[in-house]
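As structure tokens, the structure follows; a few thoughts come after it.
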Amino acid sequence: MRSASMVNRVTSRCWMGVVVLVLNGLSPHAGGAQVPLALRPPQSGMGPRLTVRPTVEPIPVQAHGRLHLVYELLLASFDSRELRVDKLEVFPDRSRRPLASYNSSELARVLFRAGDTLGAPNPHQIAVGTHVIAYMWVALDSAAQAPSSLSHRLTIVAVEGAREDTTSLETVSVPVSRDLPVVIGPPLRGGPWFANNAPSNDSRHRRVLIPFGGELRLSQRFAFDLVRYRGDSSGLPDPATYGSEVLAVADARVAEVIDGIPENWAPPQRPASRDARAVPMTPATARGNVVVLELAPRKFAHFAHLQPGSIRVKQGDRVRRGQVLGLLGNSGNSTGPHLHFQVSDTLGTSGHGLPFVFDAFEVFAIAPQRPDWRAHVVWFPPGTGKRRNEMPLHRWAIRFP
Ligand SMILES: [Zn+2]
């Protein structure tokens, strides 16, 4: 599921009170200020007028033996000059030793214009009056503890004709979220399952950042699409994917059910085109047939693209972990049979995506994201890929117990 335009009724989990800097290199009380500061024309040597604002508190989650901090920064230019980001550094707590540092080429992987998707030209330049998103994914050493806060330093170049003024901007401290990931069981039985578009800074789901209720939301921040593969080097899907039983990941209440949306196509049928959809894509149809479980207050597990008529629960039901919710299908904004799974803080798709960890699973292969990935699959020796209380990552082949 990759729609960026879905809207639903939600209540907001507001990220509050943790902003920002607007550093423009001048004191509002500087000499003879008859004109409001914001209305002054740019002056040579003036620092950039740029706000740097996180969309959420950095979210910690354990994966692949490391602690990951995931969030986004909104860089909004109020400058009349073009600005260029040359460096971005992340500092823990009060330390001056960076946790992460992105130079020019690394910034090409994290900076995107608002609304752009993967593959769009990279905007090192922030054009006059525009916004850029920095998709942050900071992986800490395995022994590291989560810092209680992060701050950032950006090296910004203001370009005015042939003149370039370089300024170092430092943000105020941003508290790291203390919210712990939900611990859940498998949404499907056994395996092998391939976690596509799964948690990573390069996942397609990671870019579905939408304005809603006056703030930026990314409900698919940690979403993934599960497809069953044969588990060999062929990389071919297993026809048994379609119709697999989709399971409740915890004891929970059924908070939302949508059914009756026809399949785009179903095996052994093949699609007329990759973009074939049985119904027009709207906020009401993009998820296809869906079940949403309320795992805890403001923690909802979403199971999307189910087969029409296969859903075995109704809104308000209490379900037990492992109970069958419905069957894996190909409805909604889907190119083939798969299960879209995510946890977020609201019903619908306009909430904030939250992390989750499976209490047990095994990774047995990792397929790097590159055109010739088949030649570069990393295979785990039997028994070495068992994971507890971790989140699987992008392009992992996994089994559930
Ligand atoms: Zn999806």
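Chain labels follow the order of the structure tokens: the first chain is A, the next B, and so on; residue numbering restarts at 1 in every chain, and ligands are counted from 1 in their shown order.
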Which of region 179-288 of chain A DSSP labels helix (DSSP H, G or I), written as a JSON list (two decimals) with C-alpha atoms, in the first residue's frame:
[["chain", "number", "residue", "atom", "x", "y", "z"],
["A", 205, "HIS", "CA", 6.59, 3.05, 2.64],
["A", 206, "ARG", "CA", 9.11, 5.30, 4.37],
["A", 207, "ARG", "CA", 8.35, 8.18, 1.97],
["A", 239, "PRO", "CA", 1.90, -19.66, -5.42],
["A", 240, "ALA", "CA", 0.86, -20.65, -1.90],
["A", 241, "THR", "CA", 1.09, -16.98, -0.85]]
inquiry  = Residues contacting ligand 1 - anything with an atom at most 8 Å away, using only C-alpha atoms and all ligand atoms - can you give me those as number ranges by chain?
reply    = A: 1-2, 197, 205, 220, 223-225, 304, 334, 339-341
Export of prior selection with N, CA and C atoms as a PDB file, in the first residue's frame:
ATOM      1  N   MET A   1       0.856  -1.172   0.000  1.00  0.00           N
ATOM      2  CA  MET A   1       0.000   0.000   0.000  1.00  0.00           C
ATOM      3  C   MET A   1       0.896   1.227   0.000  1.00  0.00           C
ATOM      4  N   ARG A   2       0.682   2.094  -0.986  1.00  0.00           N
ATOM      5  CA  ARG A   2       1.606   3.203  -1.091  1.00  0.00           C
ATOM      6  C   ARG A   2       0.901   4.518  -1.363  1.00  0.00           C
ATOM      7  N   ASN A 197       9.555  -3.825   0.905  1.00  0.00           N
ATOM      8  CA  ASN A 197       9.203  -2.451   1.336  1.00  0.00           C
ATOM      9  C   ASN A 197       9.168  -2.366   2.863  1.00  0.00           C
ATOM     10  N   HIS A 205       7.506   2.602   1.591  1.00  0.00           N
ATOM     11  CA  HIS A 205       6.586   3.046   2.642  1.00  0.00           C
ATOM     12  C   HIS A 205       7.147   4.236   3.427  1.00  0.00           C
ATOM     13  N   GLN A 220       2.967   4.856   7.560  1.00  0.00           N
ATOM     14  CA  GLN A 220       3.624   3.643   7.051  1.00  0.00           C
ATOM     15  C   GLN A 220       5.125   3.641   7.358  1.00  0.00           C
ATOM     16  N   ALA A 223       5.998   0.160   8.040  1.00  0.00           N
ATOM     17  CA  ALA A 223       5.155  -0.852   7.384  1.00  0.00           C
ATOM     18  C   ALA A 223       6.004  -1.848   6.609  1.00  0.00           C
ATOM     19  N   PHE A 224       5.454  -3.029   6.373  1.00  0.00           N
ATOM     20  CA  PHE A 224       6.084  -3.934   5.417  1.00  0.00           C
ATOM     21  C   PHE A 224       5.058  -4.758   4.668  1.00  0.00           C
ATOM     22  N   ASP A 225       5.497  -5.285   3.509  1.00  0.00           N
ATOM     23  CA  ASP A 225       4.666  -6.130   2.658  1.00  0.00           C
ATOM     24  C   ASP A 225       5.258  -7.531   2.687  1.00  0.00           C
ATOM     25  N   ALA A 304      -3.795  -5.306   5.653  1.00  0.00           N
ATOM     26  CA  ALA A 304      -4.461  -4.765   4.457  1.00  0.00           C
ATOM     27  C   ALA A 304      -4.337  -5.703   3.264  1.00  0.00           C
ATOM     28  N   SER A 334      -2.612  -2.624  -4.673  1.00  0.00           N
ATOM     29  CA  SER A 334      -1.725  -3.780  -4.562  1.00  0.00           C
ATOM     30  C   SER A 334      -1.419  -4.307  -5.955  1.00  0.00           C
ATOM     31  N   LEU A 339       0.550  -9.371   2.085  1.00  0.00           N
ATOM     32  CA  LEU A 339      -0.039  -8.776   3.284  1.00  0.00           C
ATOM     33  C   LEU A 339       0.716  -7.496   3.604  1.00  0.00           C
ATOM     34  N   HIS A 340      -0.005  -6.392   3.632  1.00  0.00           N
ATOM     35  CA  HIS A 340       0.573  -5.138   4.135  1.00  0.00           C
ATOM     36  C   HIS A 340       0.283  -5.092   5.626  1.00  0.00           C
ATOM     37  N   PHE A 341       1.343  -4.916   6.425  1.00  0.00           N
ATOM     38  CA  PHE A 341       1.193  -4.863   7.879  1.00  0.00           C
ATOM     39  C   PHE A 341       1.883  -3.617   8.406  1.00  0.00           C
TER      40      PHE A 341
END
task = Grab the CA of Arg221 (chain A) to CA of Pro187 (chain A) distance for me, in Å with one decimal place.
result =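 Between CA of Arg221 (chain A) and CA of Pro187 (chain A) the gap is 18.0 Å.
Of the listed residues (A:Asp79, A:Asp345, A:Glu294, A:Glu390), A:Glu390 comes nearest to Glu362 (chain A); the distances count only C-alpha atoms.
Contact shell of region 271-280 of chain A at 10 Å (only C-alpha atoms; same-chain neighbours under 6 positions omitted): Ile261, Pro262, Glu263, Asn264, Trp265, Ala286, Gly288, Asn330, Ser331, Gly332, Asn333, Ser334, Thr335 and Gly336 of chain A.
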Please, could you write that set of residues out with N, CA and C atoms as a compact mmCIF listing (two decimals), in the first residue's frame?
# COMPACT_ATOMS: atom_id res chain seq x y z
N ILE A 261 -14.31 -5.26 -1.20
CA ILE A 261 -13.57 -4.66 -2.32
C ILE A 261 -13.00 -5.80 -3.17
N PRO A 262 -13.33 -5.84 -4.47
CA PRO A 262 -12.91 -6.99 -5.28
C PRO A 262 -11.40 -7.08 -5.46
N GLU A 263 -10.93 -8.31 -5.74
CA GLU A 263 -9.50 -8.52 -6.01
C GLU A 263 -9.10 -7.80 -7.30
N ASN A 264 -7.86 -7.34 -7.36
CA ASN A 264 -7.33 -6.82 -8.63
C ASN A 264 -7.14 -7.98 -9.62
N TRP A 265 -6.58 -9.05 -9.13
CA TRP A 265 -6.49 -10.31 -9.86
C TRP A 265 -6.11 -11.38 -8.84
N ALA A 286 -8.00 2.25 -0.95
CA ALA A 286 -6.56 2.00 -1.15
C ALA A 286 -6.04 0.84 -0.31
N GLY A 288 -7.71 -1.72 0.41
CA GLY A 288 -8.44 -2.93 0.08
C GLY A 288 -9.25 -3.38 1.28
N ASN A 330 -5.37 -9.66 -2.64
CA ASN A 330 -4.78 -8.70 -3.59
C ASN A 330 -5.80 -7.60 -3.90
N SER A 331 -6.36 -7.01 -2.85
CA SER A 331 -7.35 -5.95 -3.04
C SER A 331 -6.71 -4.60 -2.72
N GLY A 332 -7.32 -3.55 -3.25
CA GLY A 332 -6.82 -2.21 -2.97
C GLY A 332 -5.60 -1.86 -3.81
N ASN A 333 -4.76 -0.99 -3.27
CA ASN A 333 -3.59 -0.51 -4.02
C ASN A 333 -2.47 -1.54 -3.91
N SER A 334 -2.61 -2.62 -4.67
CA SER A 334 -1.72 -3.78 -4.56
C SER A 334 -1.42 -4.31 -5.95
N THR A 335 -0.14 -4.66 -6.18
CA THR A 335 0.25 -5.18 -7.49
C THR A 335 0.24 -6.70 -7.55
N GLY A 336 0.07 -7.35 -6.41
CA GLY A 336 0.03 -8.81 -6.38
C GLY A 336 -0.28 -9.27 -4.98
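Once Ala296 (chain A) and its same-chain neighbours fewer than 3 positions away are set aside, Val182, Ala252, Arg253, Leu293, Lys299 and Phe300 of chain A remain within 9 Å of it when counting only C-alpha atoms.
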Requested write-out: N, CA and C atoms of the selected residues, as a CSV table (one decimal), in the first residue's frame:
chain,number,residue,atom,x,y,z
A,182,VAL,N,5.6,-2.1,20.5
A,182,VAL,CA,4.8,-3.2,21.0
A,182,VAL,C,5.5,-4.6,20.6
A,252,ALA,N,-6.5,-8.8,21.4
A,252,ALA,CA,-6.8,-7.4,21.0
A,252,ALA,C,-8.3,-7.3,20.7
A,253,ARG,N,-8.7,-6.1,20.5
A,253,ARG,CA,-10.1,-5.7,20.1
A,253,ARG,C,-10.1,-5.4,18.6
A,293,LEU,N,-6.6,-4.0,14.4
A,293,LEU,CA,-6.8,-4.5,15.8
A,293,LEU,C,-6.2,-3.4,16.7
A,299,LYS,N,-2.4,2.2,19.9
A,299,LYS,CA,-1.6,1.3,19.1
A,299,LYS,C,-2.4,0.3,18.3
A,300,PHE,N,-2.4,0.6,17.0
A,300,PHE,CA,-3.3,-0.2,16.1
A,300,PHE,C,-2.5,-1.0,15.1
message = Residues of region 40-172 of chain A classed as strand (DSSP E or B) by DSSP on the backbone are to be reported as a VMD selection string.
response = chain A and resid 50 to 54 59 to 63 66 to 77 82 to 92 100 to 102 111 to 113 125 to 126 131 to 140 149 to 160 163 to 170
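Summary of the local environment: counting only C-alpha atoms, residues at most 7 Å from region 166-178 of chain A, other than itself and those fewer than 5 positions away along its chain, are Val18, Val20, Leu21, Leu23, Gly47, Glu57, Pro58, Ile59, Pro60, Pro147, Ser148, Ser149, Leu150, Ser151, His152, Arg153, Leu154, Thr155, Ile156, Val157 and Ala158 of chain A.
When only C-alpha atoms are used to compute distances to Phe212 (chain A), the closest of the residues A:Gly348, A:Pro308, A:Gly260, A:Pro268 turns out to be A:Gly348.
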ask   = Which polymer residues have any atom within 7 Å of an atom of region 314-329 of chain A, counting only C-alpha atoms, with same-chain residues fewer than 2 positions away left out, as a ChimeraX atom specification?
value = /A:242-257,305-307,310-312,331,337-339
Based on the selection just made, write C-alpha atoms of those residues as a short mmCIF file (atom, residue, chain, number, x, y, z; two decimals), in the first residue's frame.
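Heads up, here's the output in selection-v9.cif:
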data_model
loop_
_atom_site.label_atom_id
_atom_site.label_comp_id
_atom_site.auth_asym_id
_atom_site.auth_seq_id
_atom_site.Cartn_x
_atom_site.Cartn_y
_atom_site.Cartn_z
CA TYR A 242 -2.45 -16.32 -2.01
CA GLY A 243 -5.03 -17.39 0.54
CA SER A 244 -2.61 -17.77 3.47
CA GLU A 245 -4.33 -17.33 6.81
CA VAL A 246 -3.71 -13.92 8.37
CA LEU A 247 -3.41 -14.08 12.16
CA ALA A 248 -4.06 -11.77 15.10
CA VAL A 249 -0.65 -10.73 16.40
CA ALA A 250 -1.90 -10.34 19.99
CA ASP A 251 -4.99 -10.53 22.13
CA ALA A 252 -6.85 -7.45 21.00
CA ARG A 253 -10.10 -5.73 20.08
CA VAL A 254 -11.19 -5.50 16.44
CA ALA A 255 -11.32 -1.75 15.84
CA GLU A 256 -12.10 -1.58 12.11
CA VAL A 257 -13.15 -3.91 9.29
CA HIS A 305 -5.25 -6.14 0.97
CA LEU A 306 -7.22 -9.17 2.27
CA GLN A 307 -9.41 -11.34 0.06
CA SER A 310 -12.61 -13.87 3.71
CA ILE A 311 -12.71 -11.74 6.87
CA ARG A 312 -13.84 -13.78 9.88
CA SER A 331 -7.35 -5.95 -3.04
CA PRO A 337 -0.98 -11.02 -3.46
CA HIS A 338 0.70 -9.85 -0.27
CA LEU A 339 -0.04 -8.78 3.28
#
ask   = Contacts of Leu216 (chain A) at 10 Å or less, counting only C-alpha atoms, minus same-chain residues fewer than 2 places along, as a list in words?
value = Cys14, Trp15, Pro54, Thr55, Val56, Glu72, Leu74, Leu209, Ile210, Pro211, Phe212, Gly213, Gly214, Leu218, Ser219, Ser350, Gly351 and His352 of chain A
